[in-house]
$ cat query-v2.tsv   # TSV, C-alpha atoms
chain	number	residue	atom	x	y	z
A	1	MET	CA	35.41	145.04	85.58
A	2	ARG	CA	35.51	143.17	82.26
A	3	LYS	CA	39.28	143.84	81.98
A	4	ASN	CA	39.84	142.36	85.43
A	5	ILE	CA	37.92	139.19	84.50
A	6	VAL	CA	39.94	138.83	81.29
A	7	ALA	CA	43.18	139.29	83.25
A	8	ILE	CA	42.17	136.62	85.80
A	9	LEU	CA	41.30	134.17	83.01
A	10	LEU	CA	44.68	134.76	81.38
A	11	VAL	CA	46.50	134.08	84.65
A	12	LEU	CA	44.54	130.85	85.17
A	13	ALA	CA	45.37	129.72	81.65
A	14	ILE	CA	49.07	130.31	82.26
A	15	LEU	CA	48.97	128.39	85.55
A	16	ILE	CA	47.22	125.45	83.90
A	17	CYS	CA	49.81	125.35	81.10
A	18	ASN	CA	52.66	125.38	83.62
A	19	GLY	CA	51.08	122.80	85.93
A	20	ALA	CA	51.86	119.12	86.37
A	21	CYS	CA	49.57	117.99	83.57
A	22	ILE	CA	49.99	114.33	82.66
A	23	GLN	CA	50.45	113.33	79.04
A	24	LYS	CA	50.30	109.91	77.42
A	25	VAL	CA	53.05	109.21	74.91
A	26	GLU	CA	52.85	106.55	72.23
A	27	ALA	CA	55.86	104.29	72.64
A	28	ASN	CA	57.64	101.77	70.46
A	29	GLN	CA	57.57	98.13	71.49
A	30	PRO	CA	60.76	97.07	73.30
A	31	GLU	CA	62.92	94.02	72.74
A	32	ILE	CA	61.22	90.69	73.29
A	33	VAL	CA	63.30	87.63	74.13
A	34	ALA	CA	61.46	84.34	73.90
A	35	VAL	CA	62.34	80.71	74.45
A	36	ASP	CA	60.24	78.27	72.43
A	37	GLY	CA	59.43	74.65	73.25
A	38	GLU	CA	56.94	72.21	74.67
A	39	THR	CA	54.67	73.10	77.56
A	40	SER	CA	53.66	70.43	80.01
A	41	THR	CA	52.91	70.30	83.73
A	42	ASP	CA	52.98	66.51	84.03
A	43	LEU	CA	56.62	66.26	85.07
A	44	GLY	CA	56.35	62.98	86.97
A	45	LEU	CA	58.84	63.90	89.69
A	46	GLN	CA	59.77	61.36	92.38
A	47	SER	CA	61.21	63.88	94.83
A	48	LYS	CA	59.33	64.83	97.98
A	49	ALA	CA	59.10	68.53	97.05
A	50	ALA	CA	60.12	70.76	94.17
A	51	ILE	CA	59.78	74.28	92.86
A	52	LEU	CA	60.91	76.23	89.80
A	53	MET	CA	61.40	79.99	90.07
A	54	GLU	CA	62.45	82.68	87.60
A	55	ALA	CA	65.15	84.58	89.47
A	56	THR	CA	64.75	88.15	88.18
A	57	THR	CA	61.07	88.49	89.05
A	58	GLY	CA	60.56	85.65	91.54
A	59	LYS	CA	57.76	84.24	89.38
A	60	ILE	CA	56.92	80.62	90.21
A	61	LEU	CA	56.75	78.47	87.09
A	62	TYR	CA	56.14	75.09	88.73
A	63	GLU	CA	55.70	73.74	92.23
A	64	ASN	CA	54.95	70.44	93.95
A	65	ASN	CA	54.62	70.25	97.76
A	66	ALA	CA	56.65	73.49	97.80
A	67	ASP	CA	55.58	74.42	101.34
A	68	GLU	CA	56.05	71.01	102.92
A	69	VAL	CA	58.50	71.14	105.82
A	70	VAL	CA	61.66	69.21	104.93
A	71	SER	CA	65.24	68.81	106.10
A	72	PRO	CA	67.70	70.90	104.05
A	73	ALA	CA	71.04	69.18	104.78
A	74	SER	CA	73.93	71.19	103.28
A	75	ILE	CA	71.59	73.45	101.32
A	76	THR	CA	71.64	75.25	104.68
A	77	LYS	CA	74.94	76.73	103.52
A	78	ILE	CA	73.12	79.02	101.07
A	79	MET	CA	72.09	81.15	104.06
A	80	THR	CA	75.61	80.90	105.48
A	81	LEU	CA	76.92	82.28	102.18
A	82	ILE	CA	74.35	85.09	102.20
A	83	LEU	CA	75.66	86.24	105.60
A	84	ILE	CA	79.27	85.96	104.42
A	85	PHE	CA	78.59	88.14	101.39
A	86	ASP	CA	76.50	90.51	103.53
A	87	ALA	CA	79.55	90.99	105.76
A	88	ILE	CA	81.82	91.58	102.76
A	89	ASN	CA	79.35	94.01	101.21
A	90	GLU	CA	79.08	95.95	104.49
A	91	GLY	CA	82.86	96.18	104.81
A	92	LYS	CA	82.97	94.09	107.98
A	93	ILE	CA	85.30	91.52	106.42
A	94	ASN	CA	87.42	91.29	103.26
A	95	TYR	CA	88.23	88.50	100.83
A	96	ASP	CA	91.90	88.52	101.83
A	97	ASP	CA	91.27	88.45	105.61
A	98	VAL	CA	93.04	85.52	107.27
A	99	VAL	CA	90.84	83.21	109.37
A	100	THR	CA	92.21	80.78	111.98
A	101	THR	CA	90.59	77.36	112.37
A	102	SER	CA	89.33	76.62	115.87
A	103	GLU	CA	89.29	73.20	117.53
A	104	TYR	CA	85.49	73.22	117.27
A	105	ALA	CA	85.52	73.99	113.55
A	106	LYS	CA	88.10	71.27	112.96
A	107	SER	CA	85.88	68.75	114.76
A	108	MET	CA	83.04	68.96	112.22
A	109	GLY	CA	82.24	65.66	110.56
A	110	GLY	CA	80.49	64.95	107.29
A	111	SER	CA	81.60	66.81	104.20
A	112	GLN	CA	84.81	68.67	105.02
A	113	VAL	CA	88.07	70.03	103.62
A	114	PHE	CA	90.09	68.73	106.59
A	115	LEU	CA	91.18	72.00	108.15
A	116	GLU	CA	93.51	71.56	111.13
A	117	THR	CA	93.30	73.43	114.45
A	118	GLY	CA	95.25	76.66	114.10
A	119	GLU	CA	95.35	76.45	110.29
A	120	LYS	CA	94.97	79.81	108.57
A	121	GLN	CA	93.04	80.36	105.34
A	122	THR	CA	91.72	83.49	103.61
A	123	VAL	CA	88.04	84.31	103.52
A	124	GLU	CA	88.02	83.73	99.76
A	125	THR	CA	89.57	80.28	100.10
A	126	LEU	CA	86.99	79.35	102.74
A	127	ILE	CA	84.19	80.55	100.44
A	128	LYS	CA	85.51	78.16	97.78
A	129	CYS	CA	85.64	75.37	100.35
A	130	ILE	CA	81.98	75.99	101.24
A	131	VAL	CA	80.62	76.47	97.72
A	132	VAL	CA	82.65	73.88	95.83
A	133	ALA	CA	83.33	71.12	98.38
A	134	SER	CA	80.50	71.87	100.88
A	135	GLY	CA	83.01	72.02	103.74
A	136	ASN	CA	81.31	71.92	107.14
A	137	ASP	CA	84.57	72.88	108.84
A	138	ALA	CA	84.98	75.89	106.54
A	139	SER	CA	81.38	76.97	107.26
A	140	VAL	CA	81.96	76.96	111.01
A	141	CYS	CA	85.26	78.84	110.55
A	142	MET	CA	83.42	81.64	108.77
A	143	ALA	CA	80.52	81.60	111.25
A	144	GLU	CA	82.93	82.09	114.15
A	145	TYR	CA	84.91	84.75	112.28
A	146	ILE	CA	81.81	86.83	111.49
A	147	ALA	CA	79.74	86.36	114.66
A	148	GLY	CA	82.17	85.13	117.30
A	149	SER	CA	80.38	81.81	117.68
A	150	GLU	CA	78.27	79.46	115.61
A	151	THR	CA	75.37	80.01	118.03
A	152	GLU	CA	75.30	83.75	117.37
A	153	PHE	CA	75.75	83.17	113.64
A	154	VAL	CA	72.76	80.81	113.60
A	155	ARG	CA	70.70	83.50	115.32
A	156	MET	CA	71.68	85.85	112.50
A	157	MET	CA	70.74	83.19	109.93
A	158	ASN	CA	67.25	82.87	111.37
A	159	GLU	CA	66.85	86.63	111.56
A	160	ARG	CA	67.85	86.95	107.89
A	161	ALA	CA	65.48	84.13	106.94
A	162	ASN	CA	62.60	85.88	108.71
A	163	GLY	CA	63.44	89.08	106.84
A	164	LEU	CA	63.15	87.23	103.54
A	165	GLY	CA	59.77	85.77	104.46
A	166	MET	CA	61.03	82.20	104.81
A	167	THR	CA	58.09	81.12	106.98
A	168	ASN	CA	58.88	77.39	107.06
A	169	THR	CA	62.55	77.69	108.00
A	170	VAL	CA	64.40	77.25	111.30
A	171	PHE	CA	68.18	76.83	111.37
A	172	LYS	CA	69.98	75.04	114.20
A	173	ASP	CA	73.49	75.08	112.72
A	174	CYS	CA	75.37	76.82	109.92
A	175	CYS	CA	76.19	73.82	107.76
A	176	GLY	CA	73.24	71.39	107.81
A	177	LEU	CA	74.80	68.61	109.86
A	178	CYS	CA	71.85	68.65	112.27
A	179	ASP	CA	69.94	65.50	111.30
A	180	SER	CA	66.77	66.55	113.11
A	181	MET	CA	63.49	68.07	111.97
A	182	GLU	CA	64.11	70.92	114.42
A	183	HIS	CA	66.38	72.17	111.61
A	184	HIS	CA	63.99	72.53	108.68
A	185	THR	CA	62.92	74.49	105.62
A	186	SER	CA	60.77	74.08	102.48
A	187	ALA	CA	61.41	74.02	98.75
A	188	ARG	CA	59.88	77.50	98.45
A	189	ASP	CA	62.10	78.89	101.21
A	190	VAL	CA	65.19	77.38	99.55
A	191	ALA	CA	64.21	79.11	96.29
A	192	ILE	CA	63.73	82.39	98.15
A	193	MET	CA	67.17	82.33	99.75
A	194	SER	CA	68.80	81.08	96.54
A	195	ARG	CA	67.28	84.02	94.69
A	196	GLU	CA	68.54	86.43	97.35
A	197	LEU	CA	72.07	85.07	97.01
A	198	ILE	CA	72.35	85.03	93.21
A	199	THR	CA	70.58	88.33	92.54
A	200	LYS	CA	72.14	90.39	95.35
A	201	TYR	CA	75.56	88.78	95.04
A	202	PRO	CA	75.97	87.49	91.46
A	203	GLU	CA	79.70	87.10	92.19
A	204	ILE	CA	78.73	83.83	93.88
A	205	HIS	CA	78.87	82.29	90.40
A	206	ASN	CA	82.63	82.96	90.29
A	207	TYR	CA	82.81	80.15	92.84
A	208	SER	CA	79.75	77.99	92.13
A	209	LYS	CA	80.95	77.32	88.55
A	210	ILE	CA	84.35	76.02	89.67
A	211	TRP	CA	84.60	72.31	88.84
A	212	MET	CA	87.92	71.56	90.51
A	213	GLU	CA	90.55	73.68	92.25
A	214	ASN	CA	93.42	73.04	94.63
A	215	ILE	CA	93.93	74.75	97.97
A	216	THR	CA	97.03	74.55	100.15
A	217	HIS	CA	96.97	73.34	103.74
A	218	VAL	CA	99.80	74.86	105.81
A	219	THR	CA	100.05	73.34	109.30
A	220	ASN	CA	102.67	72.26	111.83
A	221	LYS	CA	102.94	69.07	109.79
A	222	GLY	CA	104.00	71.03	106.71
A	223	SER	CA	102.36	72.08	103.45
A	224	SER	CA	100.06	69.91	101.33
A	225	GLU	CA	97.71	70.31	98.38
A	226	PHE	CA	94.02	69.45	98.66
A	227	THR	CA	91.68	69.24	95.67
A	228	LEU	CA	88.23	70.79	95.93
A	229	ALA	CA	85.79	68.87	93.71
A	230	ASN	CA	82.37	70.37	93.08
A	231	THR	CA	79.48	68.35	94.48
A	232	ASN	CA	77.14	69.83	91.83
A	233	LYS	CA	77.43	67.41	88.92
A	234	LEU	CA	75.04	69.51	86.84
A	235	LEU	CA	78.08	71.57	85.87
A	236	LYS	CA	79.01	68.67	83.57
A	237	GLN	CA	75.48	67.53	82.76
A	238	TYR	CA	73.63	70.75	81.88
A	239	GLU	CA	75.37	73.41	79.81
A	240	TRP	CA	73.55	76.43	81.25
A	241	THR	CA	74.27	75.57	84.90
A	242	THR	CA	75.62	78.38	87.07
A	243	GLY	CA	75.34	76.77	90.55
A	244	LEU	CA	74.35	76.44	93.30
A	245	LYS	CA	74.30	73.94	96.21
A	246	THR	CA	73.76	70.26	96.94
A	247	GLY	CA	72.87	68.54	100.20
A	248	SER	CA	72.23	65.07	101.54
A	249	THR	CA	71.72	63.32	104.89
A	250	SER	CA	69.83	60.19	105.91
A	251	LEU	CA	66.89	62.39	106.96
A	252	ALA	CA	66.94	64.90	104.09
A	253	LYS	CA	67.72	62.32	101.38
A	254	TYR	CA	69.17	64.07	98.31
A	255	CYS	CA	68.58	67.79	97.77
A	256	LEU	CA	69.67	70.40	95.23
A	257	SER	CA	69.20	74.07	94.51
A	258	ALA	CA	70.19	74.37	90.85
A	259	THR	CA	70.65	77.70	89.09
A	260	ALA	CA	70.95	78.20	85.35
A	261	CYS	CA	71.05	81.03	82.82
A	262	LYS	CA	69.98	80.71	79.20
A	263	ASP	CA	69.20	83.61	76.85
A	264	ASN	CA	69.49	85.97	79.85
A	265	ILE	CA	66.70	84.10	81.64
A	266	LYS	CA	67.81	82.90	85.08
A	267	LEU	CA	66.03	79.96	86.69
A	268	ILE	CA	66.21	78.32	90.11
A	269	ALA	CA	65.18	74.66	90.34
A	270	VAL	CA	64.89	73.23	93.85
A	271	ILE	CA	64.67	69.48	94.46
A	272	MET	CA	64.11	68.25	98.04
A	273	GLY	CA	64.04	64.66	99.25
A	274	ALA	CA	65.06	62.85	96.06
A	275	PRO	CA	65.53	59.09	96.56
A	276	ASP	CA	69.11	59.12	95.23
A	277	TYR	CA	71.74	61.53	93.93
A	278	LYS	CA	71.07	60.71	90.26
A	279	VAL	CA	67.38	61.55	90.60
A	280	ARG	CA	68.05	64.95	92.16
A	281	PHE	CA	70.17	65.94	89.15
A	282	SER	CA	67.89	64.45	86.50
A	283	GLU	CA	64.79	66.03	88.03
A	284	ALA	CA	66.53	69.41	88.27
A	285	ILE	CA	67.26	69.14	84.55
A	286	THR	CA	63.60	68.24	83.95
A	287	LEU	CA	62.52	71.37	85.83
A	288	LEU	CA	64.99	73.63	84.04
A	289	ASN	CA	64.09	72.28	80.60
A	290	TYR	CA	60.43	72.76	81.41
A	291	GLY	CA	61.08	76.32	82.51
A	292	TYR	CA	62.97	77.24	79.39
A	293	SER	CA	60.19	75.72	77.29
A	294	VAL	CA	57.40	77.87	78.73
A	295	VAL	CA	58.88	81.25	79.64
A	296	SER	CA	59.52	84.32	77.53
A	297	MET	CA	61.14	87.58	78.57
A	298	TYR	CA	59.89	91.10	77.89
A	299	ARG	CA	62.58	93.76	78.31
A	300	ASP	CA	62.19	97.52	77.92
A	301	LYS	CA	64.83	100.21	78.44
A	302	ASN	CA	62.46	103.06	77.48
A	303	ASP	CA	65.08	104.46	75.12
A	304	GLU	CA	62.53	106.36	73.07
A	305	ILE	CA	61.47	108.67	75.94
A	306	ASN	CA	62.41	112.34	75.53
A	307	LYS	CA	65.60	112.94	77.51
A	308	GLU	CA	64.55	116.40	78.74
A	309	ILE	CA	61.58	118.00	80.47
A	310	LYS	CA	60.51	121.64	80.57
A	311	ILE	CA	61.16	123.60	83.77
A	312	SER	CA	58.90	126.42	84.94
A	313	GLY	CA	60.42	129.33	86.87
A	314	GLY	CA	63.94	127.94	86.93
A	315	VAL	CA	67.37	129.18	85.94
A	316	LYS	CA	67.19	126.63	83.12
A	317	LYS	CA	64.34	126.03	80.71
A	318	THR	CA	64.85	122.24	80.60
A	319	ALA	CA	66.37	119.47	82.70
A	320	LYS	CA	67.59	115.98	81.89
A	321	ILE	CA	65.39	113.02	82.75
A	322	GLU	CA	65.95	109.26	82.66
A	323	THR	CA	64.09	106.02	83.31
A	324	GLU	CA	64.94	104.70	86.78
A	325	LYS	CA	65.64	101.15	85.57
A	326	GLU	CA	65.03	98.67	82.81
A	327	PHE	CA	61.67	96.90	83.00
A	328	VAL	CA	61.75	93.10	82.85
A	329	TYR	CA	58.73	90.82	82.87
A	330	ILE	CA	58.69	87.05	82.58
A	331	CYS	CA	55.66	85.57	80.87
A	332	GLY	CA	54.53	82.11	81.88
A	333	LYS	CA	52.83	79.55	79.67
A	334	ASP	CA	49.38	81.13	80.10
A	335	GLU	CA	50.51	84.65	79.20
A	336	ALA	CA	50.88	86.01	75.66
A	337	ILE	CA	53.83	88.34	75.40
A	338	ASN	CA	52.25	90.20	72.48
A	339	ASN	CA	49.46	91.33	74.80
A	340	ILE	CA	51.88	93.55	76.76
A	341	THR	CA	51.42	97.27	76.12
A	342	LYS	CA	52.76	100.35	77.83
A	343	ALA	CA	51.79	103.96	78.47
A	344	VAL	CA	54.29	106.70	79.30
A	345	LYS	CA	52.87	109.32	81.66
A	346	LEU	CA	55.01	112.42	82.02
A	347	GLU	CA	54.52	115.86	83.54
A	348	LYS	CA	54.48	118.59	80.89
A	349	LYS	CA	56.45	120.97	83.09
A	350	VAL	CA	58.20	120.83	86.45
A	351	LYS	CA	58.15	123.83	88.74
A	352	ALA	CA	61.49	125.03	90.09
A	353	PRO	CA	63.22	124.42	92.40
A	354	ALA	CA	63.60	120.90	91.04
A	355	LYS	CA	65.72	118.24	92.75
A	356	SER	CA	67.70	115.48	91.06
A	357	GLY	CA	66.03	112.11	91.60
A	358	SER	CA	62.53	113.57	91.80
A	359	VAL	CA	59.90	111.44	90.06
A	360	VAL	CA	58.39	113.36	87.13
A	361	GLY	CA	56.53	110.53	85.45
A	362	LYS	CA	56.29	106.80	84.98
A	363	THR	CA	55.87	104.10	82.41
A	364	GLU	CA	53.02	101.69	83.10
A	365	TYR	CA	52.94	98.19	81.63
A	366	TYR	CA	49.78	96.20	80.96
A	367	MET	CA	48.91	92.61	80.14
A	368	GLY	CA	45.58	93.17	78.50
A	369	ASP	CA	43.72	95.39	80.98
A	370	ASN	CA	45.80	94.42	84.01
A	371	MET	CA	48.82	96.52	85.02
A	372	ILE	CA	51.82	94.22	85.52
A	373	GLY	CA	54.35	96.84	86.59
A	374	GLU	CA	55.66	100.37	86.33
A	375	VAL	CA	58.99	102.19	86.21
A	376	ASN	CA	59.59	105.74	87.43
A	377	ILE	CA	61.02	108.51	85.25
A	378	CYS	CA	63.28	110.81	87.29
A	379	LEU	CA	65.08	114.14	87.05
A	380	MET	CA	68.82	113.73	86.59
A	381	GLU	CA	69.90	117.21	87.76
A	382	ASN	CA	69.05	119.99	90.20
A	383	VAL	CA	67.48	123.18	88.86
A	384	ARG	CA	67.47	126.25	91.06
A	385	LYS	CA	64.48	128.58	91.18
A	386	ALA	CA	65.13	131.79	89.25
A	387	GLY	CA	65.33	134.99	91.33
A	388	TYR	CA	65.18	138.66	90.46
A	389	VAL	CA	68.88	138.76	89.59
A	390	ASP	CA	68.46	135.84	87.21
A	391	TYR	CA	65.56	137.57	85.43
A	392	LEU	CA	67.58	140.78	85.18
A	393	LYS	CA	70.45	138.84	83.63
A	394	LYS	CA	68.08	137.31	81.08
A	395	MET	CA	66.70	140.73	80.21
A	396	TRP	CA	70.23	142.12	79.93
A	397	TYR	CA	71.41	139.41	77.53
A	398	LYS	CA	68.17	139.49	75.53
A	399	TYR	CA	67.75	143.22	75.00
A	400	ILE	CA	71.12	144.82	75.66
A	401	MET	CA	73.94	142.45	74.82

$ encode --input "query-v2.tsv" --output "structure tokens"
Amino acid sequence: MRKNIVAILLVLAILICNGACIQKVEANQPEIVAVDGETSTDLGLQSKAAILMEATTGKILYENNADEVVSPASITKIMTLILIFDAINEGKINYDDVVTTSEYAKSMGGSQVFLETGEKQTVETLIKCIVVASGNDASVCMAEYIAGSETEFVRMMNERANGLGMTNTVFKDCCGLCDSMEHHTSARDVAIMSRELITKYPEIHNYSKIWMENITHVTNKGSSEFTLANTNKLLKQYEWTTGLKTGSTSLAKYCLSATACKDNIKLIAVIMGAPDYKVRFSEAITLLNYGYSVVSMYRDKNDEINKEIKISGGVKKTAKIETEKEFVYICGKDEAINNITKAVKLEKKVKAPAKSGSVVGKTEYYMGDNMIGEVNICLMENVRKAGYVDYLKKMWYKYIM
């Protein structure tokens, strides 16, 4: 009887050792990138609404009337561009596809690149026309090419906006010509869609940083050059500018969604309803300078984590593991970056069969006592469960070979 009890205790001990026991691992502090400067919330803005967002995390650094319903004017085209890049990403259209200008697209007023009925341009050229010169005619060309009609494209725009949680937004056209409050948004919603565009499709900056570029009109009247001039004057006024979109109508006044990148920190400054075009640019610079004065970036690649984990009952004794992604956290003015700590929690052993991509642990990050995020640690390979033949082979190589 006593021998049986001893045997049972031994089996339990083995099972406990092989189980998914969590261990805490002391970790080195990762790289810290900080931007020093003054901190002040008295920005004295004249614009109707404004917001400042850090793009990587979506953290709001400043806001004023950010949820007030306002007219977006040509900032509308940010959503148009999202749908264009969605279609490219999904393989529905290509950059070198040729698009024919319809009579309706040609009839657009306001800001335009003067496309003629029947004129053919590539998708990429039309993207430049939209981003650089804010072409209403180019926007409608792309809307019709993707959805068949502007009406259907606008339905898609509103559907995409709802999916992003843009609760104060309703689109009535694809370019912002609609000078009615039926077509509306908010500074926060503009920041949300700007973030979606620049983080999901960073290639937008290949176009939004163009200052001037010529396109060629080829029509029945012959061939002629047309110069696209960027409406975003921040490109010449603020050295870290990367985009993004201007807009103005009599109802909307002067609007701007400005994006910038400094020391790997990406900011989005939205100005809505500025009294004139100079104010929208100067107040965007005020927001961006404020942002870079109060934020600091904490980055961690978890390089010090053991690259292998033990496998129980598999054809291999260990398997490769890796952190799922780099952890990035943006600290605002009221957060001390030195208060961030982390704890690595990892299973001691993984029972076979083990599948690549399986989560075997995580790294938790804390600001003081509050957890601010976590990153999974995953298996990087499959490990098959060992069978009788595998054990026989091991015995053969160990004792006979």

$ residues_around --input "query-v2.tsv" --residues "Cys261 (chain A)" --least-positions-apart "3" --cutoff "12 Å" --atoms "only C-alpha atoms" --output "number ranges by chain"
A: 54-56, 198, 202, 205, 238-244, 258, 264-269, 288-289, 291-292

$ closest_residue --input "query-v2.tsv" --among "A:Met272, A:Glu182, A:Lys128, A:Asp137" --to "Ala229 (chain A)" --atoms "only C-alpha atoms"
A:Lys128

$ atom_distance --input "query-v2.tsv" --atom1 "CA of Glu68 (chain A)" --atom2 "CA of Gly273 (chain A)"
10.8 Å

$ residues_near_point --input "query-v2.tsv" --point "(59.3, 76.8, 88.8)" --cutoff "6 Å" --atoms "all atoms listed in the file" --output "JSON, numbers by chain"
{"A": [51, 52, 53, 60, 61, 62, 63]}

$ write_last_selection --input "query-v2.tsv" --atoms "C-alpha atoms" --output "mmCIF file, in the frame of the given file"
data_model
loop_
_atom_site.group_PDB
_atom_site.id
_atom_site.type_symbol
_atom_site.label_atom_id
_atom_site.label_comp_id
_atom_site.auth_asym_id
_atom_site.auth_seq_id
_atom_site.Cartn_x
_atom_site.Cartn_y
_atom_site.Cartn_z
ATOM 1 C CA ILE A 51 59.780 74.280 92.860
ATOM 2 C CA LEU A 52 60.910 76.230 89.800
ATOM 3 C CA MET A 53 61.400 79.990 90.070
ATOM 4 C CA ILE A 60 56.920 80.620 90.210
ATOM 5 C CA LEU A 61 56.750 78.470 87.090
ATOM 6 C CA TYR A 62 56.140 75.090 88.730
ATOM 7 C CA GLU A 63 55.700 73.740 92.230
#

$ atom_distance --input "query-v2.tsv" --atom1 "CA of Ser186 (chain A)" --atom2 "CA of Val131 (chain A)"
20.6 Å

$ atom_distance --input "query-v2.tsv" --atom1 "CA of Ser296 (chain A)" --atom2 "CA of Ile372 (chain A)"
14.9 Å

$ residues_around --input "query-v2.tsv" --residues "Asp67 (chain A)" --least-positions-apart "4" --cutoff "8 Å" --atoms "only C-alpha atoms" --output "compact mmCIF listing (two decimals) with C-alpha atoms, in the frame of the given file"
# COMPACT_ATOMS: atom_id res chain seq x y z
CA ASN A 168 58.88 77.39 107.06
CA SER A 186 60.77 74.08 102.48
CA ALA A 187 61.41 74.02 98.75
CA ARG A 188 59.88 77.50 98.45
CA ASP A 189 62.10 78.89 101.21

$ residues_around --input "query-v2.tsv" --residues "region 358-362 of chain A" --least-positions-apart "4" --cutoff "6 Å" --atoms "all atoms listed in the file" --output "list of chain:residue names"
A:Lys345, A:Leu346, A:Glu347, A:Val375, A:Asn376, A:Ile377, A:Cys378, A:Leu379

$ closest_residue --input "query-v2.tsv" --among "A:Val350, A:Ala50, A:Met142, A:Ile321" --to "Asp303 (chain A)" --atoms "only C-alpha atoms"
A:Ile321

$ closest_residue --input "query-v2.tsv" --among "A:Tyr365, A:Lys253, A:Lys385, A:Arg280" --to "Gly313 (chain A)" --atoms "only C-alpha atoms"
A:Lys385

$ residues_around --input "query-v2.tsv" --residues "Lys233 (chain A)" --least-positions-apart "3" --cutoff "12 Å" --atoms "all atoms listed in the file" --output "number ranges by chain"
A: 132-133, 208-212, 229-230, 236-239, 241-246, 256-258, 277-282, 284-285

$ closest_residue --input "query-v2.tsv" --among "A:Arg155, A:Lys262, A:Arg299, A:Lys351" --to "Ile337 (chain A)" --atoms "only C-alpha atoms"
A:Arg299

$ decode --input "query-v2.tsv" --residues "region 288-300 of chain A" --atoms "N, CA and C atoms" --output "short mmCIF file (atom, residue, chain, number, x, y, z; two decimals), in the first residue's frame"
data_model
loop_
_atom_site.label_atom_id
_atom_site.label_comp_id
_atom_site.auth_asym_id
_atom_site.auth_seq_id
_atom_site.Cartn_x
_atom_site.Cartn_y
_atom_site.Cartn_z
N LEU A 288 0.97 70.67 -33.16
CA LEU A 288 2.06 69.71 -33.35
C LEU A 288 3.23 70.02 -32.42
N ASN A 289 3.58 71.29 -32.29
CA ASN A 289 4.67 71.66 -31.38
C ASN A 289 4.32 71.30 -29.94
N TYR A 290 3.06 71.54 -29.59
CA TYR A 290 2.61 71.16 -28.25
C TYR A 290 2.75 69.65 -28.05
N GLY A 291 2.30 68.90 -29.04
CA GLY A 291 2.38 67.44 -28.93
C GLY A 291 3.80 66.95 -28.74
N TYR A 292 4.70 67.47 -29.55
CA TYR A 292 6.08 67.01 -29.44
C TYR A 292 6.77 67.51 -28.17
N SER A 293 6.15 68.48 -27.49
CA SER A 293 6.73 68.95 -26.23
C SER A 293 6.30 68.12 -25.04
N VAL A 294 5.20 67.36 -25.17
CA VAL A 294 4.67 66.67 -23.99
C VAL A 294 4.69 65.14 -24.10
N VAL A 295 4.96 64.60 -25.27
CA VAL A 295 4.90 63.14 -25.39
C VAL A 295 6.29 62.51 -25.31
N SER A 296 6.31 61.28 -24.86
CA SER A 296 7.52 60.46 -24.91
C SER A 296 7.11 59.05 -25.31
N MET A 297 8.00 58.35 -25.96
CA MET A 297 7.67 57.03 -26.50
C MET A 297 8.46 55.92 -25.78
N TYR A 298 7.75 54.92 -25.37
CA TYR A 298 8.33 53.71 -24.77
C TYR A 298 8.21 52.60 -25.80
N ARG A 299 9.35 52.02 -26.18
CA ARG A 299 9.35 50.94 -27.17
C ARG A 299 10.05 49.72 -26.56
N ASP A 300 9.52 48.55 -26.83
CA ASP A 300 10.12 47.32 -26.32
C ASP A 300 9.95 46.18 -27.33
#
